[in-house]
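This is final_8.pdb. It holds PDB, C-alpha atoms.
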MODEL        1
ATOM      1  CA  MET A   1      18.677  25.945 131.409
ATOM      2  CA  LEU A   2      16.935  23.081 129.619
ATOM      3  CA  ASN A   3      16.016  20.088 131.724
ATOM      4  CA  PHE A   4      15.741  17.062 129.447
ATOM      5  CA  LYS A   5      13.720  15.151 132.045
ATOM      6  CA  ILE A   6      10.894  17.697 132.113
ATOM      7  CA  ALA A   7       9.662  17.747 128.526
ATOM      8  CA  PRO A   8      11.604  15.311 126.316
ATOM      9  CA  ILE A   9       8.654  15.254 123.895
ATOM     10  CA  VAL A  10       9.399  18.855 122.919
ATOM     11  CA  GLN A  11      13.113  18.973 123.584
ATOM     12  CA  ALA A  12      14.199  15.834 121.735
ATOM     13  CA  PRO A  13      13.059  17.083 118.277
ATOM     14  CA  LEU A  14      14.605  20.492 119.003
ATOM     15  CA  ILE A  15      17.915  18.905 119.956
ATOM     16  CA  LEU A  16      17.836  16.819 116.784
ATOM     17  CA  LEU A  17      17.142  19.936 114.671
ATOM     18  CA  ILE A  18      20.180  21.723 116.125
ATOM     19  CA  ALA A  19      22.313  18.657 115.437
ATOM     20  CA  MET A  20      21.168  18.545 111.796
ATOM     21  CA  ILE A  21      21.832  22.256 111.219
ATOM     22  CA  SER A  22      25.331  21.850 112.633
ATOM     23  CA  MET A  23      26.021  18.740 110.554
ATOM     24  CA  GLN A  24      24.762  20.082 107.239
ATOM     25  CA  SER A  25      26.400  23.485 107.636
ATOM     26  CA  SER A  26      29.680  21.665 108.122
ATOM     27  CA  GLY A  27      29.240  19.973 104.738
ATOM     28  CA  SER A  28      29.841  23.260 102.941
ATOM     29  CA  PHE A  29      32.920  23.883 105.061
ATOM     30  CA  ALA A  30      34.222  20.394 104.293
ATOM     31  CA  LYS A  31      33.872  21.062 100.562
ATOM     32  CA  TYR A  32      36.100  24.102 101.033
ATOM     33  CA  LEU A  33      38.733  21.954 102.767
ATOM     34  CA  PHE A  34      38.660  19.400  99.923
ATOM     35  CA  GLY A  35      40.487  21.975  97.811
ATOM     36  CA  GLN A  36      43.412  21.975 100.257
ATOM     37  CA  PHE A  37      43.547  18.444 101.700
ATOM     38  CA  PRO A  38      42.774  14.875 100.541
ATOM     39  CA  ILE A  39      39.303  13.692 101.499
ATOM     40  CA  LEU A  40      40.760  10.883 103.613
ATOM     41  CA  THR A  41      42.792  13.429 105.577
ATOM     42  CA  VAL A  42      39.751  15.638 106.183
ATOM     43  CA  SER A  43      37.679  12.659 107.316
ATOM     44  CA  ALA A  44      40.349  11.219 109.625
ATOM     45  CA  MET A  45      41.240  14.585 111.194
ATOM     46  CA  ARG A  46      37.552  15.316 111.772
ATOM     47  CA  LEU A  47      37.150  12.129 113.812
ATOM     48  CA  LEU A  48      40.512  12.488 115.560
ATOM     49  CA  LEU A  49      39.893  15.993 116.872
ATOM     50  CA  GLY A  50      36.225  15.263 117.532
ATOM     51  CA  ALA A  51      37.211  12.292 119.682
ATOM     52  CA  VAL A  52      39.799  14.357 121.580
ATOM     53  CA  ILE A  53      37.257  17.111 122.271
ATOM     54  CA  LEU A  54      34.675  14.650 123.573
ATOM     55  CA  ALA A  55      37.285  12.779 125.634
ATOM     56  CA  LEU A  56      38.116  15.998 127.468
ATOM     57  CA  ILE A  57      34.527  17.225 127.850
ATOM     58  CA  PHE A  58      33.088  13.940 129.094
ATOM     59  CA  LYS A  59      36.186  12.836 131.066
ATOM     60  CA  ILE A  60      36.785   9.554 129.298
ATOM     61  CA  TRP A  61      39.215   8.475 132.045
ATOM     62  CA  GLN A  62      36.232   8.040 134.388
ATOM     63  CA  ILE A  63      34.761   5.230 132.287
ATOM     64  CA  HIS A  64      34.548   1.803 133.920
ATOM     65  CA  PHE A  65      36.066  -0.077 131.024
ATOM     66  CA  ARG A  66      35.034  -3.472 132.384
ATOM     67  CA  GLN A  67      31.390  -2.492 131.910
ATOM     68  CA  ILE A  68      31.808  -1.618 128.228
ATOM     69  CA  LYS A  69      29.990  -3.861 125.775
ATOM     70  CA  TRP A  70      32.562  -3.694 122.994
ATOM     71  CA  PRO A  71      30.479  -5.288 120.212
ATOM     72  CA  ALA A  72      28.035  -2.351 120.441
ATOM     73  CA  ILE A  73      30.873   0.203 120.592
ATOM     74  CA  LEU A  74      32.735  -1.366 117.672
ATOM     75  CA  SER A  75      29.654  -1.499 115.447
ATOM     76  CA  TYR A  76      28.853   2.113 116.353
ATOM     77  CA  GLY A  77      32.412   3.246 115.610
ATOM     78  CA  LEU A  78      32.597   1.390 112.301
ATOM     79  CA  ALA A  79      29.296   2.977 111.288
ATOM     80  CA  LEU A  80      30.665   6.436 112.105
ATOM     81  CA  ALA A  81      33.847   5.821 110.119
ATOM     82  CA  GLY A  82      31.978   4.541 107.076
ATOM     83  CA  MET A  83      29.308   7.241 107.194
ATOM     84  CA  ASN A  84      31.956   9.947 107.561
ATOM     85  CA  LEU A  85      34.264   8.917 104.725
ATOM     86  CA  LEU A  86      31.609   7.805 102.244
ATOM     87  CA  PHE A  87      29.558  10.962 102.705
ATOM     88  CA  TYR A  88      32.588  13.164 102.027
ATOM     89  CA  LEU A  89      33.391  11.128  98.931
ATOM     90  CA  SER A  90      29.808  11.625  97.736
ATOM     91  CA  ILE A  91      29.625  15.407  98.245
ATOM     92  CA  ASP A  92      32.884  15.729  96.327
ATOM     93  CA  ARG A  93      30.951  14.466  93.279
ATOM     94  CA  LEU A  94      27.355  15.557  93.985
ATOM     95  CA  PRO A  95      25.551  18.735  95.157
ATOM     96  CA  LEU A  96      25.221  18.747  98.934
ATOM     97  CA  GLY A  97      21.420  18.464  99.058
ATOM     98  CA  ILE A  98      21.296  15.676  96.467
ATOM     99  CA  ALA A  99      24.001  13.650  98.223
ATOM    100  CA  VAL A 100      22.150  13.843 101.539
ATOM    101  CA  ALA A 101      18.884  12.891  99.815
ATOM    102  CA  PHE A 102      20.431   9.671  98.493
ATOM    103  CA  GLU A 103      22.155   9.018 101.813
ATOM    104  CA  PHE A 104      18.851   9.390 103.624
ATOM    105  CA  ILE A 105      17.565   6.150 102.077
ATOM    106  CA  GLY A 106      19.399   4.394 104.937
ATOM    107  CA  PRO A 107      17.593   5.930 107.925
ATOM    108  CA  LEU A 108      14.357   5.996 105.953
ATOM    109  CA  SER A 109      14.649   2.218 105.645
ATOM    110  CA  VAL A 110      14.912   2.048 109.437
ATOM    111  CA  ALA A 111      11.716   4.090 109.724
ATOM    112  CA  LEU A 112       9.929   1.739 107.318
ATOM    113  CA  PHE A 113      11.125  -1.295 109.260
ATOM    114  CA  TYR A 114       9.572  -0.010 112.493
ATOM    115  CA  ALA A 115       6.356   1.265 110.892
ATOM    116  CA  ARG A 116       3.297  -0.441 112.381
ATOM    117  CA  GLN A 117       0.200   1.720 111.761
ATOM    118  CA  LYS A 118      -1.283   3.193 108.601
ATOM    119  CA  PHE A 119      -0.461   6.787 109.581
ATOM    120  CA  ASP A 120       3.167   5.789 109.974
ATOM    121  CA  PHE A 121       3.293   4.827 106.313
ATOM    122  CA  VAL A 122       1.556   8.079 105.332
ATOM    123  CA  TRP A 123       4.301  10.169 106.929
ATOM    124  CA  VAL A 124       7.093   7.997 105.569
ATOM    125  CA  GLY A 125       5.433   8.184 102.153
ATOM    126  CA  LEU A 126       5.394  11.986 102.340
ATOM    127  CA  ALA A 127       9.075  11.964 103.243
ATOM    128  CA  ILE A 128       9.822   9.772 100.208
ATOM    129  CA  LEU A 129       7.839  12.140  97.975
ATOM    130  CA  GLY A 130       9.827  15.066  99.329
ATOM    131  CA  LEU A 131      13.109  13.301  98.600
ATOM    132  CA  ILE A 132      12.004  12.603  95.030
ATOM    133  CA  LEU A 133      11.079  16.252  94.507
ATOM    134  CA  LEU A 134      14.525  17.288  95.723
ATOM    135  CA  PHE A 135      16.179  15.667  92.704
ATOM    136  CA  PRO A 136      16.712  18.126  89.786
ATOM    137  CA  PHE A 137      15.160  15.900  87.124
ATOM    138  CA  ASP A 138      14.615  18.773  84.701
ATOM    139  CA  GLN A 139      18.316  19.638  84.635
ATOM    140  CA  ALA A 140      19.359  16.951  82.172
ATOM    141  CA  ALA A 141      22.384  19.035  81.183
ATOM    142  CA  GLN A 142      23.822  18.309  84.636
ATOM    143  CA  PRO A 143      23.685  14.509  85.037
ATOM    144  CA  LEU A 144      24.361  13.064  88.477
ATOM    145  CA  ASP A 145      27.656  11.236  88.946
ATOM    146  CA  PRO A 146      26.861   7.485  89.353
ATOM    147  CA  VAL A 147      29.958   6.920  91.517
ATOM    148  CA  GLY A 148      28.849   9.771  93.763
ATOM    149  CA  ILE A 149      25.388   8.192  94.039
ATOM    150  CA  LEU A 150      26.996   4.861  95.011
ATOM    151  CA  PHE A 151      29.052   6.577  97.708
ATOM    152  CA  ALA A 152      25.933   8.342  99.038
ATOM    153  CA  LEU A 153      23.899   5.115  99.144
ATOM    154  CA  SER A 154      26.754   3.341 100.954
ATOM    155  CA  ALA A 155      26.915   6.209 103.450
ATOM    156  CA  GLY A 156      23.176   5.735 103.969
ATOM    157  CA  ALA A 157      23.706   2.069 104.827
ATOM    158  CA  CYS A 158      26.266   3.122 107.451
ATOM    159  CA  TRP A 159      23.787   5.728 108.710
ATOM    160  CA  ALA A 160      21.170   3.013 109.236
ATOM    161  CA  LEU A 161      23.710   0.938 111.167
ATOM    162  CA  TYR A 162      24.570   4.017 113.235
ATOM    163  CA  ILE A 163      20.907   4.438 114.271
ATOM    164  CA  VAL A 164      20.530   0.779 115.223
ATOM    165  CA  ALA A 165      23.906   0.561 116.992
ATOM    166  CA  GLY A 166      23.250   3.806 118.884
ATOM    167  CA  GLN A 167      20.176   2.264 120.522
ATOM    168  CA  LYS A 168      21.948  -0.871 121.730
ATOM    169  CA  PRO A 169      23.124  -0.957 125.370
ATOM    170  CA  SER A 170      26.835  -0.127 125.416
ATOM    171  CA  GLY A 171      27.465  -0.429 129.146
ATOM    172  CA  VAL A 172      28.340   3.269 129.443
ATOM    173  CA  SER A 173      26.535   6.596 129.132
ATOM    174  CA  GLY A 174      25.387   7.936 125.783
ATOM    175  CA  ASN A 175      28.082  10.626 125.824
ATOM    176  CA  HIS A 176      30.809   8.074 126.478
ATOM    177  CA  THR A 177      29.354   5.868 123.744
ATOM    178  CA  VAL A 178      29.771   8.684 121.228
ATOM    179  CA  CYS A 179      33.297   9.383 122.434
ATOM    180  CA  LEU A 180      34.430   5.750 122.270
ATOM    181  CA  GLY A 181      32.686   5.286 118.931
ATOM    182  CA  MET A 182      34.561   8.218 117.449
ATOM    183  CA  LEU A 183      37.845   6.849 118.792
ATOM    184  CA  VAL A 184      37.111   3.540 117.084
ATOM    185  CA  GLY A 185      36.201   5.332 113.853
ATOM    186  CA  MET A 186      39.414   7.375 114.011
ATOM    187  CA  LEU A 187      41.508   4.236 114.585
ATOM    188  CA  VAL A 188      39.942   2.769 111.442
ATOM    189  CA  LEU A 189      40.457   5.788 109.169
ATOM    190  CA  MET A 190      43.769   7.223 110.401
ATOM    191  CA  PRO A 191      45.994   4.286 109.315
ATOM    192  CA  ILE A 192      44.384   4.423 105.864
ATOM    193  CA  ALA A 193      44.935   8.182 105.656
ATOM    194  CA  LEU A 194      48.576   7.785 106.749
ATOM    195  CA  PHE A 195      49.142   5.085 104.160
ATOM    196  CA  ALA A 196      47.586   7.248 101.436
ATOM    197  CA  GLY A 197      49.679  10.209 102.560
ATOM    198  CA  ILE A 198      48.795  13.169 104.795
ATOM    199  CA  PRO A 199      50.159  16.555 103.585
ATOM    200  CA  ALA A 200      52.722  18.188 105.860
ATOM    201  CA  HIS A 201      50.688  21.393 106.167
ATOM    202  CA  THR A 202      47.865  19.422 107.792
ATOM    203  CA  PHE A 203      49.476  19.992 111.193
ATOM    204  CA  GLU A 204      50.148  23.705 110.802
ATOM    205  CA  PRO A 205      48.313  25.893 113.374
ATOM    206  CA  ILE A 206      45.863  27.423 110.881
ATOM    207  CA  SER A 207      45.059  23.989 109.423
ATOM    208  CA  LEU A 208      44.477  22.522 112.871
ATOM    209  CA  LEU A 209      42.138  25.411 113.613
ATOM    210  CA  TYR A 210      40.119  24.583 110.485
ATOM    211  CA  PHE A 211      39.936  20.914 111.426
ATOM    212  CA  MET A 212      38.990  21.811 115.001
ATOM    213  CA  ALA A 213      36.049  23.865 113.744
ATOM    214  CA  LEU A 214      35.012  21.040 111.426
ATOM    215  CA  ALA A 215      35.272  18.500 114.251
ATOM    216  CA  VAL A 216      32.955  20.553 116.455
ATOM    217  CA  LEU A 217      30.372  21.273 113.751
ATOM    218  CA  ALA A 218      30.418  17.889 112.039
ATOM    219  CA  SER A 219      31.187  15.411 114.810
ATOM    220  CA  ALA A 220      31.379  16.469 118.448
ATOM    221  CA  LEU A 221      28.238  18.612 118.596
ATOM    222  CA  PRO A 222      25.784  16.757 116.295
ATOM    223  CA  PHE A 223      26.677  13.207 117.356
ATOM    224  CA  THR A 224      26.376  14.097 121.027
ATOM    225  CA  LEU A 225      23.004  15.788 120.486
ATOM    226  CA  GLU A 226      21.741  12.901 118.353
ATOM    227  CA  MET A 227      22.675  10.428 121.078
ATOM    228  CA  ILE A 228      20.616  12.471 123.562
ATOM    229  CA  ALA A 229      17.696  12.601 121.128
ATOM    230  CA  LEU A 230      17.840   8.840 120.517
ATOM    231  CA  ARG A 231      17.132   8.264 124.197
ATOM    232  CA  ASN A 232      13.827  10.148 123.986
ATOM    233  CA  LEU A 233      12.569   9.220 120.510
ATOM    234  CA  THR A 234      11.286   5.986 119.031
ATOM    235  CA  ALA A 235      13.212   4.535 116.080
ATOM    236  CA  LEU A 236      10.325   5.540 113.797
ATOM    237  CA  SER A 237      10.210   9.124 115.071
ATOM    238  CA  PHE A 238      13.967   9.510 114.841
ATOM    239  CA  GLY A 239      14.168   8.022 111.355
ATOM    240  CA  THR A 240      11.377  10.186 109.960
ATOM    241  CA  LEU A 241      12.477  13.383 111.711
ATOM    242  CA  MET A 242      15.841  12.913 110.059
ATOM    243  CA  SER A 243      14.021  13.600 106.782
ATOM    244  CA  LEU A 244      14.834  17.235 107.551
ATOM    245  CA  GLU A 245      18.473  16.458 106.682
ATOM    246  CA  PRO A 246      18.122  16.805 102.870
ATOM    247  CA  ALA A 247      16.100  20.004 103.263
ATOM    248  CA  ILE A 248      18.665  21.544 105.599
ATOM    249  CA  ALA A 249      21.479  20.382 103.330
ATOM    250  CA  ALA A 250      19.802  21.967 100.300
ATOM    251  CA  LEU A 251      19.444  25.256 102.170
ATOM    252  CA  SER A 252      23.058  25.059 103.332
ATOM    253  CA  GLY A 253      24.202  24.479  99.758
ATOM    254  CA  PHE A 254      22.127  27.462  98.626
ATOM    255  CA  ILE A 255      23.480  29.787 101.326
ATOM    256  CA  PHE A 256      27.143  28.784 101.409
ATOM    257  CA  LEU A 257      27.802  27.234  97.988
ATOM    258  CA  GLY A 258      25.397  29.172  95.790
ATOM    259  CA  GLU A 259      23.477  26.029  94.765
ATOM    260  CA  THR A 260      20.114  27.338  93.560
ATOM    261  CA  LEU A 261      16.876  25.526  94.339
ATOM    262  CA  LEU A 262      14.146  24.652  91.838
ATOM    263  CA  TRP A 263      10.491  25.319  92.655
ATOM    264  CA  THR A 264      10.055  21.548  93.039
ATOM    265  CA  GLN A 265      12.789  21.546  95.652
ATOM    266  CA  TRP A 266      11.067  24.297  97.627
ATOM    267  CA  LEU A 267       7.943  22.124  97.456
ATOM    268  CA  ALA A 268      10.074  19.231  98.687
ATOM    269  CA  LEU A 269      11.132  21.202 101.750
ATOM    270  CA  THR A 270       7.496  21.789 102.691
ATOM    271  CA  THR A 271       6.592  18.143 102.082
ATOM    272  CA  ILE A 272       9.457  16.802 104.171
ATOM    273  CA  ILE A 273       8.795  19.165 107.069
ATOM    274  CA  SER A 274       5.102  18.191 106.987
ATOM    275  CA  ALA A 275       6.047  14.517 107.168
ATOM    276  CA  SER A 276       8.334  15.172 110.123
ATOM    277  CA  ILE A 277       5.706  17.114 112.056
ATOM    278  CA  GLY A 278       3.039  14.519 111.272
ATOM    279  CA  CYS A 279       5.227  11.660 112.441
ATOM    280  CA  THR A 280       6.079  13.435 115.678
ATOM    281  CA  VAL A 281       2.452  14.255 116.525
ATOM    282  CA  THR A 282       1.196  10.756 115.680
ATOM    283  CA  SER A 283       3.936   9.009 117.637
ATOM    284  CA  GLN A 284       3.508  11.151 120.755
ATOM    285  CA  ARG A 285      -0.303  10.728 120.747
ATOM    286  CA  ARG A 286       0.133   6.977 120.496
ATOM    287  CA  LYS A 287       2.614   7.054 123.383
ATOM    288  CA  HIS A 288       0.104   8.907 125.570
TER
ENDMDL
END
Taking this structure as input, can you express it in the form of structure tokens?
Amino acid sequence: MLNFKIAPIVQAPLILLIAMISMQSSGSFAKYLFGQFPILTVSAMRLLLGAVILALIFKIWQIHFRQIKWPAILSYGLALAGMNLLFYLSIDRLPLGIAVAFEFIGPLSVALFYARQKFDFVWVGLAILGLILLFPFDQAAQPLDPVGILFALSAGACWALYIVAGQKPSGVSGNHTVCLGMLVGMLVLMPIALFAGIPAHTFEPISLLYFMALAVLASALPFTLEMIALRNLTALSFGTLMSLEPAIAALSGFIFLGETLLWTQWLALTTIISASIGCTVTSQRRKH
């Protein structure tokens, strides 16, 4: 059994990698659900069931509610709601890997904000180069949807807020922070989804099973693991390590959606991974 207190230097990046694989694999599954349910319904049900799962696992009734710092929880929950909905709106119009690449501008901005030494800018620069190479510039016959790009950039802004809000003291444990944040996000999206109209078959057993799987892969598991990783990584390390997201998303799109990769995109994967490893090594040496 892993003990997070023994070697957080090694375990935190590994935990973050598992969270990213879970999150990006769920993107392909969400695209499948878009053909059967409105995007608002998918987004709201994902947060609803994710919050219920976490409430049961982490025993939300044991929280000392007087200790909760609600401004931190509310900002965290609003970030989750915005990141969730806007990302789904973007992947409905853009290839999965491209949408994540645009979205990643948010956390990359956080990494740039905390950069202090010249090597920090080298790694962030490599990550930027990798993101640029991910874009299929030589496929002019398939122009990128500008509305989809706007949705992805807006999701990135929410992602940046999520990183910052997740590091603020909330008065409760990290697991309870995720749980309460998802409840807040659900309370924001569900009324909108109800107003827009939720199909009757949403609550059929097979549909609930689909949404349960999505909630685990896209919300409960990755957000919990990311919260653990945030406790053992600097803002710079976390922001740059998240550069693996577009690479993992591109691979997920290739495996599950048949989205082929250009040679420049394979080069991008190598560049982004190199930046992530470099940032991790530099940050940990500086810490020691």
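Minimum distance to Ala229 (chain A) across A:Arg46, A:Leu14, A:Phe121, A:Val216 (counting all atoms listed in the file) occurs at A:Leu14.
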Give me the residues within 9 Å of Gly82 (chain A) as a list in words, counting only C-alpha atoms and dropping any in the same chain fewer than 2 places off.
-> Gly77, Leu78, Ala79, Leu80, Asn84, Leu85, Leu86, Phe87, Ser154, Ala155, Ala157, Cys158, Trp159, Gly185 and Leu189 of chain A
Looking at A:Leu17, A:Ala247, A:Met45, A:Leu208, which one is nearest to Val188 (chain A), with distances taken over all atoms listed in the file?
->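 Of A:Leu17, A:Ala247, A:Met45, A:Leu208, the one nearest Val188 (chain A) is A:Met45, counting all atoms listed in the file.
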Residues matched by the PyMOL selection byres ((chain A and resi 169) around 12), written as a compact mmCIF listing (two decimals) with C-alpha atoms, in the coordinates of the input:
# COMPACT_ATOMS: atom_id res chain seq x y z
CA GLN A 67 31.39 -2.49 131.91
CA ILE A 68 31.81 -1.62 128.23
CA LYS A 69 29.99 -3.86 125.78
CA TRP A 70 32.56 -3.69 122.99
CA PRO A 71 30.48 -5.29 120.21
CA ALA A 72 28.04 -2.35 120.44
CA ILE A 73 30.87 0.20 120.59
CA SER A 75 29.65 -1.50 115.45
CA TYR A 76 28.85 2.11 116.35
CA VAL A 164 20.53 0.78 115.22
CA ALA A 165 23.91 0.56 116.99
CA GLY A 166 23.25 3.81 118.88
CA GLN A 167 20.18 2.26 120.52
CA LYS A 168 21.95 -0.87 121.73
CA SER A 170 26.84 -0.13 125.42
CA GLY A 171 27.46 -0.43 129.15
CA VAL A 172 28.34 3.27 129.44
CA SER A 173 26.54 6.60 129.13
CA GLY A 174 25.39 7.94 125.78
CA HIS A 176 30.81 8.07 126.48
CA THR A 177 29.35 5.87 123.74
CA ARG A 231 17.13 8.26 124.20
Could you tell me which of A:Leu133, A:Ala30, A:Ala218, A:Ala111 comes closest to Thr240 (chain A) if we count only C-alpha atoms?
-> A:Ala111
Ala51 (chain A): which residues within 6 Å, counting all atoms listed in the file, same-chain residues fewer than 5 positions away excluded, as a VMD selection string?
-> chain A and resid 179 182 to 183
Rank A:Met190, A:Phe135, A:Ala220, A:Ala215 by their smallest atom-to-atom distance to Leu262 (chain A), using only C-alpha atoms, and report the top residue only.
-> A:Phe135
List the residues selected by the PyMOL selection byres ((chain A and resi 271) around 8) in the file shown, writing them as a list of chain:residue names.
-> A:Leu126, A:Ala127, A:Leu129, A:Gly130, A:Leu267, A:Ala268, A:Leu269, A:Thr270, A:Ile272, A:Ile273, A:Ser274, A:Ala275
Atoms kept (C-alpha atoms) for selection, written as a compact mmCIF listing (two decimals), in the frame of the given file:
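Result saved to again25.txt:
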# COMPACT_ATOMS: atom_id res chain seq x y z
CA LEU A 126 5.39 11.99 102.34
CA ALA A 127 9.07 11.96 103.24
CA LEU A 129 7.84 12.14 97.98
CA GLY A 130 9.83 15.07 99.33
CA LEU A 267 7.94 22.12 97.46
CA ALA A 268 10.07 19.23 98.69
CA LEU A 269 11.13 21.20 101.75
CA THR A 270 7.50 21.79 102.69
CA ILE A 272 9.46 16.80 104.17
CA ILE A 273 8.80 19.16 107.07
CA SER A 274 5.10 18.19 106.99
CA ALA A 275 6.05 14.52 107.17
Applied to this file, what does the PyMOL selection byres ((chain A and resi 201) around 12) return in terms of residues, put as a list in words?
->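 Evaluating the PyMOL selection byres ((chain A and resi 201) around 12) on this file yields Gln36, Phe37, Pro38, Thr41, Gly197, Ile198, Pro199, Ala200, Thr202, Phe203, Glu204, Pro205, Ile206, Ser207, Leu208, Tyr210 and Phe211 of chain A.
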Counting only C-alpha atoms, which residues come within 9 Å of (35.6, 10.3, 127.2), with the point read in the file's coordinates, and could you list them as a PDB file with C-alpha atoms, in the frame of the given file?
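Contents of the output file part.pdb:
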ATOM      1  CA  ALA A  51      37.211  12.292 119.682  1.00  0.00           C
ATOM      2  CA  VAL A  52      39.799  14.357 121.580  1.00  0.00           C
ATOM      3  CA  ILE A  53      37.257  17.111 122.271  1.00  0.00           C
ATOM      4  CA  LEU A  54      34.675  14.650 123.573  1.00  0.00           C
ATOM      5  CA  ALA A  55      37.285  12.779 125.634  1.00  0.00           C
ATOM      6  CA  LEU A  56      38.116  15.998 127.468  1.00  0.00           C
ATOM      7  CA  ILE A  57      34.527  17.225 127.850  1.00  0.00           C
ATOM      8  CA  PHE A  58      33.088  13.940 129.094  1.00  0.00           C
ATOM      9  CA  LYS A  59      36.186  12.836 131.066  1.00  0.00           C
ATOM     10  CA  ILE A  60      36.785   9.554 129.298  1.00  0.00           C
ATOM     11  CA  TRP A  61      39.215   8.475 132.045  1.00  0.00           C
ATOM     12  CA  GLN A  62      36.232   8.040 134.388  1.00  0.00           C
ATOM     13  CA  ILE A  63      34.761   5.230 132.287  1.00  0.00           C
ATOM     14  CA  ASN A 175      28.082  10.626 125.824  1.00  0.00           C
ATOM     15  CA  HIS A 176      30.809   8.074 126.478  1.00  0.00           C
ATOM     16  CA  THR A 177      29.354   5.868 123.744  1.00  0.00           C
ATOM     17  CA  VAL A 178      29.771   8.684 121.228  1.00  0.00           C
ATOM     18  CA  CYS A 179      33.297   9.383 122.434  1.00  0.00           C
ATOM     19  CA  LEU A 180      34.430   5.750 122.270  1.00  0.00           C
TER      20      LEU A 180
END
For the interface of region 80-193 of chain A with region 252-261 of chain A (cut-off 8 Å, counting only C-alpha atoms), please tabulate each contacting residue of region 80-193 of chain A alongside its nearest pair of atoms and their separation in Å to one decimal, rows sorted by chain and increasing number, as a Markdown table.
| residue | atom | partner | partner_atom | distance |
| --- | --- | --- | --- | --- |
| A:Pro95 | CA | A:Gly253 | CA | 7.5 |
| A:Leu96 | CA | A:Gly253 | CA | 5.9 |
| A:Gly97 | CA | A:Gly253 | CA | 6.7 |
Which of these residues is nearest to Leu47 (chain A), using all atoms listed in the file: A:Ser243, A:Ser237, A:Ser276, A:Ser219?
-> A:Ser219
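The shortest atom-to-atom distance to Leu241 (chain A), with only C-alpha atoms taken into account, belongs to A:Val281 out of A:Ala196, A:Ile91, A:Val42, A:Val281.
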Do you know which residues lie at most 12 Å from (15.5, 15.5, 114.3), with coordinates as in the file and all atoms listed in the file counted, and could you write them as a PyMOL selection string?
-> chain A and resi 9-23+107+222-223+225-230+232-248+272-273+275-277+279-280
For C-alpha atoms, I'd like the residues from the last selection saved as a PDB file, in the coordinates of the input.
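Below is the file part_12.pdb, written as the result:
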ATOM      1  CA  ILE A   9       8.654  15.254 123.895  1.00  0.00           C
ATOM      2  CA  VAL A  10       9.399  18.855 122.919  1.00  0.00           C
ATOM      3  CA  GLN A  11      13.113  18.973 123.584  1.00  0.00           C
ATOM      4  CA  ALA A  12      14.199  15.834 121.735  1.00  0.00           C
ATOM      5  CA  PRO A  13      13.059  17.083 118.277  1.00  0.00           C
ATOM      6  CA  LEU A  14      14.605  20.492 119.003  1.00  0.00           C
ATOM      7  CA  ILE A  15      17.915  18.905 119.956  1.00  0.00           C
ATOM      8  CA  LEU A  16      17.836  16.819 116.784  1.00  0.00           C
ATOM      9  CA  LEU A  17      17.142  19.936 114.671  1.00  0.00           C
ATOM     10  CA  ILE A  18      20.180  21.723 116.125  1.00  0.00           C
ATOM     11  CA  ALA A  19      22.313  18.657 115.437  1.00  0.00           C
ATOM     12  CA  MET A  20      21.168  18.545 111.796  1.00  0.00           C
ATOM     13  CA  ILE A  21      21.832  22.256 111.219  1.00  0.00           C
ATOM     14  CA  SER A  22      25.331  21.850 112.633  1.00  0.00           C
ATOM     15  CA  MET A  23      26.021  18.740 110.554  1.00  0.00           C
ATOM     16  CA  PRO A 107      17.593   5.930 107.925  1.00  0.00           C
ATOM     17  CA  PRO A 222      25.784  16.757 116.295  1.00  0.00           C
ATOM     18  CA  PHE A 223      26.677  13.207 117.356  1.00  0.00           C
ATOM     19  CA  LEU A 225      23.004  15.788 120.486  1.00  0.00           C
ATOM     20  CA  GLU A 226      21.741  12.901 118.353  1.00  0.00           C
ATOM     21  CA  MET A 227      22.675  10.428 121.078  1.00  0.00           C
ATOM     22  CA  ILE A 228      20.616  12.471 123.562  1.00  0.00           C
ATOM     23  CA  ALA A 229      17.696  12.601 121.128  1.00  0.00           C
ATOM     24  CA  LEU A 230      17.840   8.840 120.517  1.00  0.00           C
ATOM     25  CA  ASN A 232      13.827  10.148 123.986  1.00  0.00           C
ATOM     26  CA  LEU A 233      12.569   9.220 120.510  1.00  0.00           C
ATOM     27  CA  THR A 234      11.286   5.986 119.031  1.00  0.00           C
ATOM     28  CA  ALA A 235      13.212   4.535 116.080  1.00  0.00           C
ATOM     29  CA  LEU A 236      10.325   5.540 113.797  1.00  0.00           C
ATOM     30  CA  SER A 237      10.210   9.124 115.071  1.00  0.00           C
ATOM     31  CA  PHE A 238      13.967   9.510 114.841  1.00  0.00           C
ATOM     32  CA  GLY A 239      14.168   8.022 111.355  1.00  0.00           C
ATOM     33  CA  THR A 240      11.377  10.186 109.960  1.00  0.00           C
ATOM     34  CA  LEU A 241      12.477  13.383 111.711  1.00  0.00           C
ATOM     35  CA  MET A 242      15.841  12.913 110.059  1.00  0.00           C
ATOM     36  CA  SER A 243      14.021  13.600 106.782  1.00  0.00           C
ATOM     37  CA  LEU A 244      14.834  17.235 107.551  1.00  0.00           C
ATOM     38  CA  GLU A 245      18.473  16.458 106.682  1.00  0.00           C
ATOM     39  CA  PRO A 246      18.122  16.805 102.870  1.00  0.00           C
ATOM     40  CA  ALA A 247      16.100  20.004 103.263  1.00  0.00           C
ATOM     41  CA  ILE A 248      18.665  21.544 105.599  1.00  0.00           C
ATOM     42  CA  ILE A 272       9.457  16.802 104.171  1.00  0.00           C
ATOM     43  CA  ILE A 273       8.795  19.165 107.069  1.00  0.00           C
ATOM     44  CA  ALA A 275       6.047  14.517 107.168  1.00  0.00           C
ATOM     45  CA  SER A 276       8.334  15.172 110.123  1.00  0.00           C
ATOM     46  CA  ILE A 277       5.706  17.114 112.056  1.00  0.00           C
ATOM     47  CA  CYS A 279       5.227  11.660 112.441  1.00  0.00           C
ATOM     48  CA  THR A 280       6.079  13.435 115.678  1.00  0.00           C
TER      49      THR A 280
END
Enclosing box along x, y and z for every listed atom of region 247-251 of chain A, padded 5 Å each side, centre and size in Å, one decimal, as JSON:
{"center_x": 18.8, "center_y": 22.6, "center_z": 102.9, "size_x": 15.4, "size_y": 15.3, "size_z": 15.3}
